[in-house]
>>> print(open('data.tsv').read())   # TSV, C-alpha atoms
chain	number	residue	atom	x	y	z
T	1	MET	CA	24.42	98.95	113.27
T	2	ALA	CA	23.38	102.29	114.75
T	3	LYS	CA	26.45	103.92	113.32
T	4	SER	CA	25.76	102.69	109.83
T	5	ILE	CA	22.22	104.07	109.93
T	6	VAL	CA	23.60	107.46	110.86
T	7	GLN	CA	26.01	107.12	107.96
T	8	GLU	CA	23.19	106.26	105.56
T	9	PHE	CA	21.47	109.45	106.66
T	10	THR	CA	24.46	111.77	106.53
T	11	LYS	CA	25.73	110.61	103.15
T	12	GLY	CA	22.72	112.33	101.60
T	13	LEU	CA	23.82	115.63	103.10
T	14	TRP	CA	27.20	115.92	101.44
T	15	GLN	CA	28.78	112.82	99.85
T	16	GLU	CA	25.81	112.06	97.64
T	17	ILE	CA	23.87	115.30	97.90
T	18	PRO	CA	21.38	115.62	95.05
T	19	PRO	CA	21.31	117.29	92.59
T	20	PHE	CA	25.00	118.21	92.84
T	21	ARG	CA	26.70	114.88	93.48
T	22	LEU	CA	23.94	112.73	92.05
T	23	VAL	CA	23.01	114.67	88.92
T	24	LEU	CA	19.38	113.60	89.08
T	25	GLY	CA	16.08	115.37	89.55
T	26	LEU	CA	17.08	118.47	87.64
T	27	CYS	CA	13.66	119.53	86.39
T	28	PRO	CA	12.15	120.58	89.72
T	29	THR	CA	15.54	121.96	90.74
T	30	LEU	CA	15.46	124.36	87.84
T	31	GLY	CA	11.74	124.91	87.65
T	32	VAL	CA	10.64	125.82	91.16
T	33	THR	CA	13.63	127.52	92.75
T	34	THR	CA	12.56	131.09	92.04
T	35	SER	CA	12.40	131.63	95.81
T	36	VAL	CA	13.59	129.89	98.98
T	37	GLU	CA	10.05	129.08	99.96
T	38	ASN	CA	9.20	127.24	96.75
T	39	GLY	CA	12.50	125.37	96.86
T	40	LEU	CA	11.98	124.19	100.43
T	41	GLY	CA	8.34	123.25	99.78
T	42	MET	CA	9.26	121.17	96.76
T	43	GLY	CA	12.12	119.57	98.70
T	44	LEU	CA	9.86	118.58	101.59
T	45	ALA	CA	7.23	117.11	99.25
T	46	THR	CA	9.94	115.06	97.56
T	47	THR	CA	11.34	113.97	100.94
T	48	PHE	CA	7.94	112.66	101.97
T	49	VAL	CA	7.62	110.64	98.77
T	50	LEU	CA	11.22	109.40	99.01
T	51	ALA	CA	10.91	108.23	102.60
T	52	GLY	CA	7.47	106.70	102.07
T	53	SER	CA	8.35	104.83	98.92
T	54	ASN	CA	11.70	103.67	100.34
T	55	ILE	CA	9.96	102.22	103.41
T	56	LEU	CA	7.25	100.45	101.44
T	57	ILE	CA	9.62	99.13	98.77
T	58	SER	CA	12.09	97.78	101.32
T	59	LEU	CA	9.22	96.01	103.09
T	60	LEU	CA	7.95	94.51	99.85
T	61	ARG	CA	11.34	93.83	98.30
T	62	ASN	CA	11.11	90.05	98.72
T	63	ILE	CA	7.55	89.88	97.36
T	64	ILE	CA	7.93	91.99	94.20
T	65	PRO	CA	9.04	89.80	91.27
T	66	ALA	CA	12.30	91.03	89.79
T	67	LYS	CA	10.96	91.21	86.23
T	68	VAL	CA	8.19	93.69	86.91
T	69	ARG	CA	9.92	95.57	89.72
T	70	ILE	CA	10.23	98.92	87.91
T	71	ALA	CA	6.49	99.01	87.17
T	72	CYS	CA	5.74	98.12	90.80
T	73	PHE	CA	8.11	100.81	92.07
T	74	ILE	CA	6.48	103.43	89.87
T	75	ILE	CA	3.02	102.52	91.13
T	76	ILE	CA	4.16	102.67	94.77
T	77	ILE	CA	5.80	106.04	94.13
T	78	ALA	CA	2.73	107.35	92.31
T	79	THR	CA	0.58	106.40	95.31
T	80	PHE	CA	2.70	108.54	97.62
T	81	VAL	CA	2.72	111.37	95.09
T	82	ILE	CA	-1.09	111.37	95.02
T	83	ILE	CA	-1.14	111.48	98.83
T	84	VAL	CA	1.23	114.44	98.94
T	85	GLU	CA	-0.68	116.16	96.13
T	86	HIS	CA	-3.93	115.99	98.09
T	87	LEU	CA	-2.31	116.97	101.39
T	88	MET	CA	-0.77	120.05	99.79
T	89	GLN	CA	-4.00	120.96	98.06
T	90	ALA	CA	-5.76	120.83	101.42
T	91	TYR	CA	-3.23	122.53	103.70
T	92	THR	CA	-0.86	124.64	101.59
T	93	TYR	CA	-3.00	125.68	98.65
T	94	GLN	CA	-0.89	128.71	97.75
T	95	LEU	CA	2.27	126.61	97.46
T	96	PHE	CA	0.37	123.92	95.58
T	97	GLN	CA	-0.68	126.52	93.02
T	98	THR	CA	2.85	127.88	92.61
T	99	LEU	CA	4.50	124.48	92.21
T	100	GLY	CA	1.76	123.43	89.79
T	101	VAL	CA	2.72	120.67	87.40
T	102	PHE	CA	5.89	119.84	89.34
T	103	ILE	CA	3.94	118.08	92.12
T	104	PRO	CA	2.56	115.26	89.91
T	105	LEU	CA	5.96	115.18	88.26
T	106	ILE	CA	7.60	113.89	91.45
T	107	VAL	CA	6.56	110.50	90.04
T	108	VAL	CA	9.15	110.78	87.31
T	109	ASN	CA	11.78	112.48	89.46
T	110	CYS	CA	14.74	110.23	88.80
T	111	ILE	CA	16.01	110.58	92.39
T	112	VAL	CA	13.01	108.73	93.80
T	113	LEU	CA	13.13	105.86	91.34
T	114	GLY	CA	16.91	105.86	91.55
T	115	ARG	CA	16.91	105.36	95.34
T	116	ALA	CA	14.20	102.71	95.09
T	117	GLU	CA	16.21	100.73	92.57
T	118	ALA	CA	19.70	101.33	93.95
T	119	PHE	CA	19.00	101.21	97.66
T	120	ALA	CA	15.56	100.29	98.98
T	121	SER	CA	15.20	97.16	96.83
T	122	LYS	CA	18.40	95.73	98.37
T	123	ASN	CA	18.32	96.88	102.00
T	124	GLY	CA	16.22	96.49	105.12
T	125	ILE	CA	13.66	98.93	106.40
T	126	LEU	CA	15.83	100.96	108.81
T	127	PRO	CA	18.70	101.76	106.43
T	128	SER	CA	16.19	102.46	103.66
T	129	THR	CA	14.29	104.94	105.81
T	130	ALA	CA	17.54	106.65	106.78
T	131	ASP	CA	18.64	106.73	103.16
T	132	GLY	CA	15.33	108.19	101.95
T	133	LEU	CA	15.28	110.84	104.66
T	134	GLY	CA	18.95	111.72	104.17
T	135	ILE	CA	18.71	112.12	100.42
T	136	GLY	CA	15.44	114.02	100.85
T	137	VAL	CA	16.88	116.44	103.38
T	138	GLY	CA	19.94	116.95	101.18
T	139	TYR	CA	17.68	117.68	98.21
T	140	THR	CA	15.62	120.12	100.29
T	141	LEU	CA	18.79	121.95	101.40
T	142	SER	CA	20.08	122.16	97.82
T	143	LEU	CA	16.78	123.48	96.51
T	144	GLY	CA	16.57	125.97	99.37
T	145	ALA	CA	20.13	127.16	98.75
T	146	LEU	CA	19.60	127.58	95.02
T	147	GLY	CA	16.28	129.32	95.71
T	148	ALA	CA	17.99	131.66	98.17
T	149	VAL	CA	20.75	132.57	95.70
T	150	ARG	CA	18.25	133.23	92.93
T	151	GLU	CA	15.86	135.18	95.11
T	152	ILE	CA	18.54	137.39	96.64
T	153	LEU	CA	20.20	138.19	93.33
T	154	GLY	CA	17.06	138.35	91.24
T	155	ASN	CA	14.70	140.07	93.63
T	156	GLY	CA	16.89	141.47	96.40
T	157	THR	CA	14.76	139.79	99.06
T	158	LEU	CA	14.60	136.62	101.12
T	159	THR	CA	11.10	135.52	102.09
T	160	ILE	CA	10.44	132.61	104.43
T	161	TRP	CA	6.85	131.49	105.04
T	162	GLY	CA	5.35	134.79	103.98
T	163	ASP	CA	7.57	136.99	106.17
T	164	LEU	CA	10.08	139.26	104.58
T	165	GLY	CA	13.19	137.96	106.32
T	166	PHE	CA	15.75	140.07	104.60
T	167	ASN	CA	15.88	142.89	102.10
T	168	LEU	CA	19.11	143.61	100.28
T	169	ALA	CA	18.00	147.13	99.38
T	170	SER	CA	18.10	148.08	103.08
T	171	VAL	CA	21.78	147.11	103.28
T	172	PHE	CA	22.89	148.37	99.87
T	173	PRO	CA	20.46	151.13	98.85
T	174	SER	CA	21.86	151.29	95.33
T	175	PHE	CA	21.36	147.54	94.66
T	176	GLN	CA	19.64	146.76	91.36
T	177	PRO	CA	18.17	143.25	91.18
T	178	PHE	CA	19.37	141.02	88.32
T	179	THR	CA	15.85	140.17	87.21
T	180	PHE	CA	17.13	137.51	84.88
T	181	MET	CA	18.16	135.33	87.85
T	182	VAL	CA	14.51	134.59	88.71
T	183	GLN	CA	13.71	133.91	85.03
T	184	ALA	CA	14.43	130.74	83.08
T	185	PRO	CA	18.04	131.42	81.98
T	186	GLY	CA	19.10	132.32	85.53
T	187	ALA	CA	18.06	128.86	86.71
T	188	PHE	CA	20.53	127.11	84.42
T	189	ILE	CA	23.36	129.52	85.02
T	190	GLY	CA	22.79	129.64	88.78
T	191	LEU	CA	22.77	125.86	89.07
T	192	GLY	CA	25.82	125.55	86.79
T	193	LEU	CA	27.83	127.97	88.89
T	194	MET	CA	26.74	126.35	92.17
T	195	LEU	CA	27.78	122.96	90.82
T	196	CYS	CA	31.12	124.49	89.88
T	197	ALA	CA	31.53	125.86	93.44
T	198	ILE	CA	30.67	122.47	94.98
T	199	ASN	CA	33.16	120.74	92.68
T	200	ALA	CA	35.84	123.24	93.62
T	201	ILE	CA	35.22	122.76	97.37
T	202	GLY	CA	35.06	118.99	96.99
T	203	ASP	CA	38.42	118.88	95.28
J	1	MET	CA	-6.15	130.58	70.00
J	2	GLY	CA	-5.58	129.32	66.46
J	3	TYR	CA	-3.43	126.30	65.70
J	4	PHE	CA	-0.64	128.40	64.25
J	5	GLU	CA	-0.30	130.50	67.40
J	6	LEU	CA	-0.50	127.32	69.47
J	7	ILE	CA	2.39	125.78	67.53
J	8	ILE	CA	4.57	128.90	67.82
J	9	ALA	CA	3.74	129.20	71.52
J	10	CYS	CA	4.62	125.58	72.25
J	11	ILE	CA	7.82	125.42	70.21
J	12	PHE	CA	9.39	128.78	71.03
J	13	VAL	CA	7.65	130.83	73.70
J	14	ASN	CA	6.92	128.04	76.18
J	15	ASN	CA	9.73	125.77	75.05
J	16	ILE	CA	9.40	122.65	77.13
J	17	LEU	CA	13.10	122.43	78.01
J	18	LEU	CA	14.21	126.01	78.32
J	19	ALA	CA	11.11	127.81	79.58
J	20	GLN	CA	9.17	125.10	81.43
J	21	PHE	CA	12.13	123.03	82.68
J	22	LEU	CA	10.73	119.64	81.82
J	23	GLY	CA	12.86	116.80	80.52
J	24	ASN	CA	16.16	118.23	81.66
J	25	CYS	CA	17.77	114.92	82.66
J	26	PRO	CA	17.79	113.53	79.09
J	27	PHE	CA	18.60	117.07	77.88
J	28	LEU	CA	21.92	116.97	79.74
J	29	GLY	CA	22.40	113.22	79.45
J	30	THR	CA	22.01	112.72	75.71
J	31	SER	CA	23.41	115.97	74.35
J	32	LYS	CA	27.09	115.08	74.36
J	33	LYS	CA	26.92	113.73	70.82
J	34	MET	CA	24.84	114.90	67.90
J	35	GLU	CA	23.77	111.33	67.00
J	36	THR	CA	22.30	110.54	70.40
J	37	ALA	CA	20.60	113.93	70.50
J	38	ILE	CA	18.85	113.24	67.19
J	39	GLY	CA	17.83	109.75	68.35
J	40	MET	CA	16.37	111.09	71.58
J	41	ALA	CA	14.56	113.92	69.77
J	42	MET	CA	12.92	111.48	67.34
J	43	ALA	CA	11.91	109.08	70.11
J	44	VAL	CA	10.35	111.90	72.13
J	45	ILE	CA	8.35	113.23	69.17
J	46	PHE	CA	7.05	109.75	68.43
J	47	VAL	CA	6.04	108.85	71.99
J	48	LEU	CA	4.82	112.28	73.05
J	49	VAL	CA	2.28	112.57	70.21
J	50	LEU	CA	0.88	109.13	71.08
J	51	ALA	CA	0.96	109.72	74.84
J	52	GLY	CA	-0.59	113.18	74.59
J	53	THR	CA	-3.59	111.95	72.65
J	54	ILE	CA	-4.09	108.69	74.54
J	55	THR	CA	-3.93	110.28	77.99
J	56	TRP	CA	-6.43	112.89	76.78
J	57	ILE	CA	-8.82	110.10	75.77
J	58	VAL	CA	-8.25	108.27	79.06
J	59	HIS	CA	-8.87	111.45	81.01
J	60	ILE	CA	-12.13	112.43	79.29
J	61	PHE	CA	-13.67	109.02	78.71
J	62	ILE	CA	-12.56	107.14	81.82
J	63	LEU	CA	-11.40	109.43	84.60
J	64	VAL	CA	-13.93	112.23	84.20
J	65	LYS	CA	-16.79	109.93	83.28
J	66	TYR	CA	-16.39	107.69	86.33
J	67	ASP	CA	-15.33	110.53	88.66
J	68	LEU	CA	-11.81	109.22	89.19
J	69	VAL	CA	-9.87	112.42	88.47
J	70	TYR	CA	-7.92	112.10	91.73
J	71	LEU	CA	-6.17	109.06	90.25
J	72	ARG	CA	-4.85	111.09	87.31
J	73	THR	CA	-1.14	110.89	88.15
J	74	ILE	CA	-1.12	107.13	88.63
J	75	ALA	CA	-3.33	106.52	85.59
J	76	PHE	CA	-1.16	108.63	83.31
J	77	ILE	CA	2.12	107.09	84.39
J	78	VAL	CA	0.74	103.61	83.88
J	79	VAL	CA	-0.55	104.59	80.43
J	80	ILE	CA	2.82	106.08	79.47
J	81	ALA	CA	4.85	103.16	80.79
J	82	SER	CA	2.73	100.58	78.99
J	83	LEU	CA	2.60	102.70	75.85
J	84	VAL	CA	6.38	102.88	75.72
J	85	GLN	CA	6.61	99.13	76.20
J	86	PHE	CA	4.02	98.53	73.49
J	87	VAL	CA	5.65	100.92	71.02
J	88	GLU	CA	8.95	99.19	71.65
J	89	MET	CA	7.54	95.73	70.86
J	90	PHE	CA	5.59	97.01	67.87
J	91	LEU	CA	8.59	98.76	66.31
J	92	LYS	CA	10.87	95.78	66.95
J	93	LYS	CA	8.48	93.55	65.03
J	94	SER	CA	7.31	95.81	62.20
J	95	ILE	CA	9.87	98.60	61.60
J	96	PRO	CA	13.22	97.16	62.76
J	97	ALA	CA	15.19	99.99	61.11
J	98	LEU	CA	13.44	102.66	63.17
J	99	TYR	CA	13.72	100.49	66.27
J	100	ALA	CA	17.48	100.18	65.79
J	101	GLY	CA	17.67	103.95	65.27
J	102	LEU	CA	15.81	104.83	68.47
J	103	GLY	CA	17.58	102.07	70.40
J	104	ILE	CA	18.09	102.69	74.09
J	105	PHE	CA	16.18	105.97	74.07
J	106	LEU	CA	12.74	104.40	73.89
J	107	PRO	CA	12.70	102.76	77.35
J	108	LEU	CA	14.30	105.86	78.87
J	109	ILE	CA	11.32	107.94	77.84
J	110	THR	CA	9.12	106.49	80.58
J	111	THR	CA	11.01	108.57	83.10
J	112	ASN	CA	11.27	111.64	80.88
J	113	CYS	CA	9.22	114.18	82.74
J	114	ALA	CA	8.53	116.10	79.54
J	115	VAL	CA	6.13	113.34	78.50
J	116	LEU	CA	4.10	113.23	81.70
J	117	GLY	CA	4.41	117.01	81.99
J	118	VAL	CA	2.87	117.69	78.58
J	119	CYS	CA	0.06	115.21	79.23
J	120	VAL	CA	-0.78	116.98	82.51
J	121	LEU	CA	-0.45	120.44	80.93
J	122	ASN	CA	-2.84	119.49	78.11
J	123	ILE	CA	-5.47	118.57	80.68
J	124	ASP	CA	-4.79	121.56	82.94
J	125	LYS	CA	-5.20	123.97	80.03
J	126	GLU	CA	-8.46	122.25	79.05
J	127	PHE	CA	-7.42	121.65	75.46
J	128	THR	CA	-9.72	119.94	72.99
J	129	PHE	CA	-8.61	116.70	71.35
J	130	MET	CA	-7.16	118.43	68.28
J	131	GLN	CA	-5.43	121.07	70.40
J	132	SER	CA	-3.86	118.35	72.56
J	133	LEU	CA	-2.60	116.57	69.46
J	134	VAL	CA	-1.13	119.73	67.96
J	135	ALA	CA	0.31	120.92	71.28
J	136	SER	CA	1.92	117.54	72.00
J	137	PHE	CA	3.59	117.55	68.61
J	138	ALA	CA	4.73	121.15	68.93
J	139	TYR	CA	6.12	120.64	72.45
J	140	ALA	CA	8.01	117.58	71.24
J	141	ALA	CA	9.35	119.50	68.25
J	142	GLY	CA	10.49	122.27	70.60
J	143	PHE	CA	12.22	119.64	72.74
J	144	GLY	CA	14.00	118.28	69.65
J	145	LEU	CA	14.99	121.73	68.45
J	146	ALA	CA	16.49	122.78	71.78
J	147	LEU	CA	18.22	119.42	72.26
J	148	ILE	CA	19.83	119.44	68.81
J	149	LEU	CA	20.93	123.09	69.11
J	150	PHE	CA	22.43	122.33	72.51
J	151	ALA	CA	24.22	119.22	71.25
J	152	GLY	CA	25.78	121.29	68.48
J	153	VAL	CA	27.13	123.82	70.97
J	154	ARG	CA	28.30	121.09	73.34
J	155	GLU	CA	30.34	119.36	70.64
J	156	LYS	CA	32.24	122.62	70.16
J	157	ILE	CA	32.82	122.96	73.91
J	158	LEU	CA	34.64	119.63	73.92
J	159	LEU	CA	37.43	121.38	72.00
J	160	ALA	CA	37.66	124.26	74.45
J	161	ARG	CA	39.81	124.27	77.58
J	162	VAL	CA	37.48	124.49	80.54
J	163	PRO	CA	38.65	124.97	84.16
J	164	LYS	CA	38.42	121.71	86.10
J	165	PRO	CA	35.55	122.48	88.51
J	166	LEU	CA	33.45	123.79	85.63
J	167	GLN	CA	33.87	120.72	83.44
J	168	ASP	CA	31.09	118.49	82.14
J	169	THR	CA	27.66	119.12	83.67
J	170	SER	CA	28.56	122.48	85.12
J	171	ILE	CA	29.61	124.10	81.85
J	172	GLY	CA	26.70	122.28	80.19
J	173	LEU	CA	24.25	124.03	82.50
J	174	VAL	CA	25.82	127.43	81.91
J	175	THR	CA	25.63	126.84	78.15
J	176	ALA	CA	22.01	125.79	78.47
J	177	GLY	CA	21.44	129.05	80.30
J	178	MET	CA	22.82	130.98	77.33
J	179	ILE	CA	20.53	129.12	74.95
J	180	ALA	CA	17.62	129.74	77.31
J	181	LEU	CA	18.52	133.42	77.19
J	182	ALA	CA	18.17	133.30	73.41
J	183	PHE	CA	14.77	131.60	73.69
J	184	TYR	CA	13.79	134.11	76.34
J	185	ALA	CA	13.65	136.71	73.57
J	186	PHE	CA	10.51	134.98	72.24
J	187	LYS	CA	8.66	135.83	75.47
J	188	GLY	CA	5.51	137.84	74.89
J	189	MET	CA	5.39	137.05	71.18
J	190	VAL	CA	2.14	135.11	71.32
>>> encode(input="data.tsv", output="structure tokens")
Amino acid sequence: MAKSIVQEFTKGLWQEIPPFRLVLGLCPTLGVTTSVENGLGMGLATTFVLAGSNILISLLRNIIPAKVRIACFIIIIATFVIIVEHLMQAYTYQLFQTLGVFIPLIVVNCIVLGRAEAFASKNGILPSTADGLGIGVGYTLSLGALGAVREILGNGTLTIWGDLGFNLASVFPSFQPFTFMVQAPGAFIGLGLMLCAINAIGD
Amino acid sequence: MGYFELIIACIFVNNILLAQFLGNCPFLGTSKKMETAIGMAMAVIFVLVLAGTITWIVHIFILVKYDLVYLRTIAFIVVIASLVQFVEMFLKKSIPALYAGLGIFLPLITTNCAVLGVCVLNIDKEFTFMQSLVASFAYAAGFGLALILFAGVREKILLARVPKPLQDTSIGLVTAGMIALAFYAFKGMV
């Protein structure tokens, strides 16, 4: 049993890592990853909602009538989204402002509803928690990685929690940032190329 | 801002798909064929105009009036989900031809973040009722435009020989990036 819970957790980190293996939840992936910090913040908010809704749905899975389950899932998810919205507004206001409309939009992030429907509604509380956390951590890592790539190429810097961790210009003085990587088109192209790299490694 | 500027801004400058990144799952999912792209575009225009105006009314006359603004997310998603269900039943009964045309795309719209996104944006930008109506329509039209353009390009890509790791979604995203680059030229126009 213990082994399978570990497996449920680790499958989210590579085998089913969103958004690369499960092509879901693309909007926040593209929208907020202009820097590592935003990517990680969005990932953590989504992880909280994923884990919370997975736990509650797996507890209630025998009570919720099958016919209205999707509506019930959405309301449970929306409850957690409101909680995270208010927590972020209170404690990380700057990040809340930057992420903007994408915080309420966690409700319609297909990953969350997808895990609720495909996993939590069929499994017990422990595997569901592990699944939610695993997928959430995988999502956070992906968003952080994409954010890092875009920030380094587009801005020449890497900022983590307000500290300038790394500046490319100090290593390569002649480096010119590709500004377009932090703009809209760079998001699509960056994600497309990362997906290509993951496919190539996977094969 | 006049209505004309608002329309141009919502369709081109702040294109919902390519500049605001909302509704990207159906963008990639339904753009493999021109037919499905047109069906999705029509369904989004139809639902978004209704949802944009109704959530505005709900926000002003229920949430603000009774001081319940903190419940906005949950209220809006419930409104959208029931609206989609209602529209589906209504069309099935009264306009079967349109219902058959929209088909599977109607129920999928509940989880299209462009719909909830535009409703929230309308409120955040403090639009009046008419502005919300116009903006919802223009955002939806921008969604349709980008989706149909993208489907056209994607149909051509099917004929090209793409390296294996790049196939399908990956090349789709890179193509979308190129189209976004074209739309990026509208930046700063309004």
>>> closest_residue(input="data.tsv", among="J:Thr175, J:Ser136, J:Asn15, J:Ser170", to="chain T", atoms="only C-alpha atoms")
J:Ser170
>>> closest_atom_pairs(input="data.tsv", of="chain J", to="chain T", cutoff="7 Å", atoms="all atoms listed in the file", output="Markdown table")
| residue | atom | partner | partner_atom | distance |
| --- | --- | --- | --- | --- |
| J:Leu18 | CA | T:Ala184 | CA | 6.7 |
| J:Ala19 | CA | T:Ala184 | CA | 5.6 |
| J:Gln20 | CA | T:Gly31 | CA | 6.7 |
| J:Phe21 | CA | T:Cys27 | CA | 5.3 |
| J:Leu22 | CA | T:Cys27 | CA | 5.4 |
| J:Gly23 | CA | T:Cys27 | CA | 6.5 |
| J:Asn24 | CA | T:Cys27 | CA | 5.5 |
| J:Cys25 | CA | T:Leu26 | CA | 6.2 |
| J:Thr73 | CA | T:Pro104 | CA | 6.0 |
| J:Ile74 | CA | T:Ala78 | CA | 5.3 |
| J:Thr111 | CA | T:Val108 | CA | 5.1 |
| J:Asn112 | CA | T:Val108 | CA | 6.8 |
| J:Cys113 | CA | T:Val108 | CA | 5.7 |
| J:Gly117 | CA | T:Leu105 | CA | 6.7 |
| J:Pro165 | CA | T:Cys196 | CA | 5.1 |
| J:Leu166 | CA | T:Cys196 | CA | 4.9 |
| J:Ser170 | CA | T:Gly192 | CA | 4.4 |
| J:Ile171 | CA | T:Gly192 | CA | 6.4 |
| J:Leu173 | CA | T:Gly192 | CA | 4.8 |
| J:Val174 | CA | T:Ile189 | CA | 4.5 |
| J:Ala176 | CA | T:Phe188 | CA | 6.3 |
| J:Gly177 | CA | T:Pro185 | CA | 4.5 |
| J:Met178 | CA | T:Pro185 | CA | 6.7 |
| J:Ala180 | CA | T:Pro185 | CA | 5.0 |
| J:Leu181 | CA | T:Pro185 | CA | 5.2 |
>>> write_last_selection(input="data.tsv", atoms="C-alpha atoms", output="short mmCIF file (atom, residue, chain, number, x, y, z; two decimals), keeping the file's coordinate frame")
data_model
loop_
_atom_site.label_atom_id
_atom_site.label_comp_id
_atom_site.auth_asym_id
_atom_site.auth_seq_id
_atom_site.Cartn_x
_atom_site.Cartn_y
_atom_site.Cartn_z
CA LEU J 18 14.21 126.01 78.32
CA ALA J 19 11.11 127.81 79.58
CA GLN J 20 9.17 125.10 81.43
CA PHE J 21 12.13 123.03 82.68
CA LEU J 22 10.73 119.64 81.82
CA GLY J 23 12.86 116.80 80.52
CA ASN J 24 16.16 118.23 81.66
CA CYS J 25 17.77 114.92 82.66
CA THR J 73 -1.14 110.89 88.15
CA ILE J 74 -1.12 107.13 88.63
CA THR J 111 11.01 108.57 83.10
CA ASN J 112 11.27 111.64 80.88
CA CYS J 113 9.22 114.18 82.74
CA GLY J 117 4.41 117.01 81.99
CA PRO J 165 35.55 122.48 88.51
CA LEU J 166 33.45 123.79 85.63
CA SER J 170 28.56 122.48 85.12
CA ILE J 171 29.61 124.10 81.85
CA LEU J 173 24.25 124.03 82.50
CA VAL J 174 25.82 127.43 81.91
CA ALA J 176 22.01 125.79 78.47
CA GLY J 177 21.44 129.05 80.30
CA MET J 178 22.82 130.98 77.33
CA ALA J 180 17.62 129.74 77.31
CA LEU J 181 18.52 133.42 77.19
#
>>> atom_distance(input="data.tsv", atom1="CA of Gly52 in chain T", atom2="CA of Gly132 in chain T")
8.0 Å
>>> atom_distance(input="data.tsv", atom1="CA of Ile109 in chain J", atom2="CA of Leu56 in chain T")
25.1 Å
>>> atom_distance(input="data.tsv", atom1="CA of Glu117 in chain T", atom2="CA of Tyr99 in chain J")
26.4 Å
>>> residues_near_point(input="data.tsv", point="(8.7, 109.6, 70.4)", cutoff="12 Å", atoms="only C-alpha atoms", output="PyMOL selection string")
chain J and resi 38-52+80+83-84+87-88+91+98-99+101-103+105-110+112+114-115+136-137+139-141+143-144
>>> axis_aligned_box(input="data.tsv", around="range 101-115 of chain J", padding_each_side="5 Å", output="JSON")
{"center_x": 12.1, "center_y": 109.1, "center_z": 74.2, "size_x": 22.0, "size_y": 24.0, "size_z": 27.8}
>>> residues_around(input="data.tsv", residues="Ile125 in chain T", least_positions_apart="5", cutoff="8 Å", atoms="only C-alpha atoms", output="PyMOL selection string")
chain T and resi 54-55+58-59+120
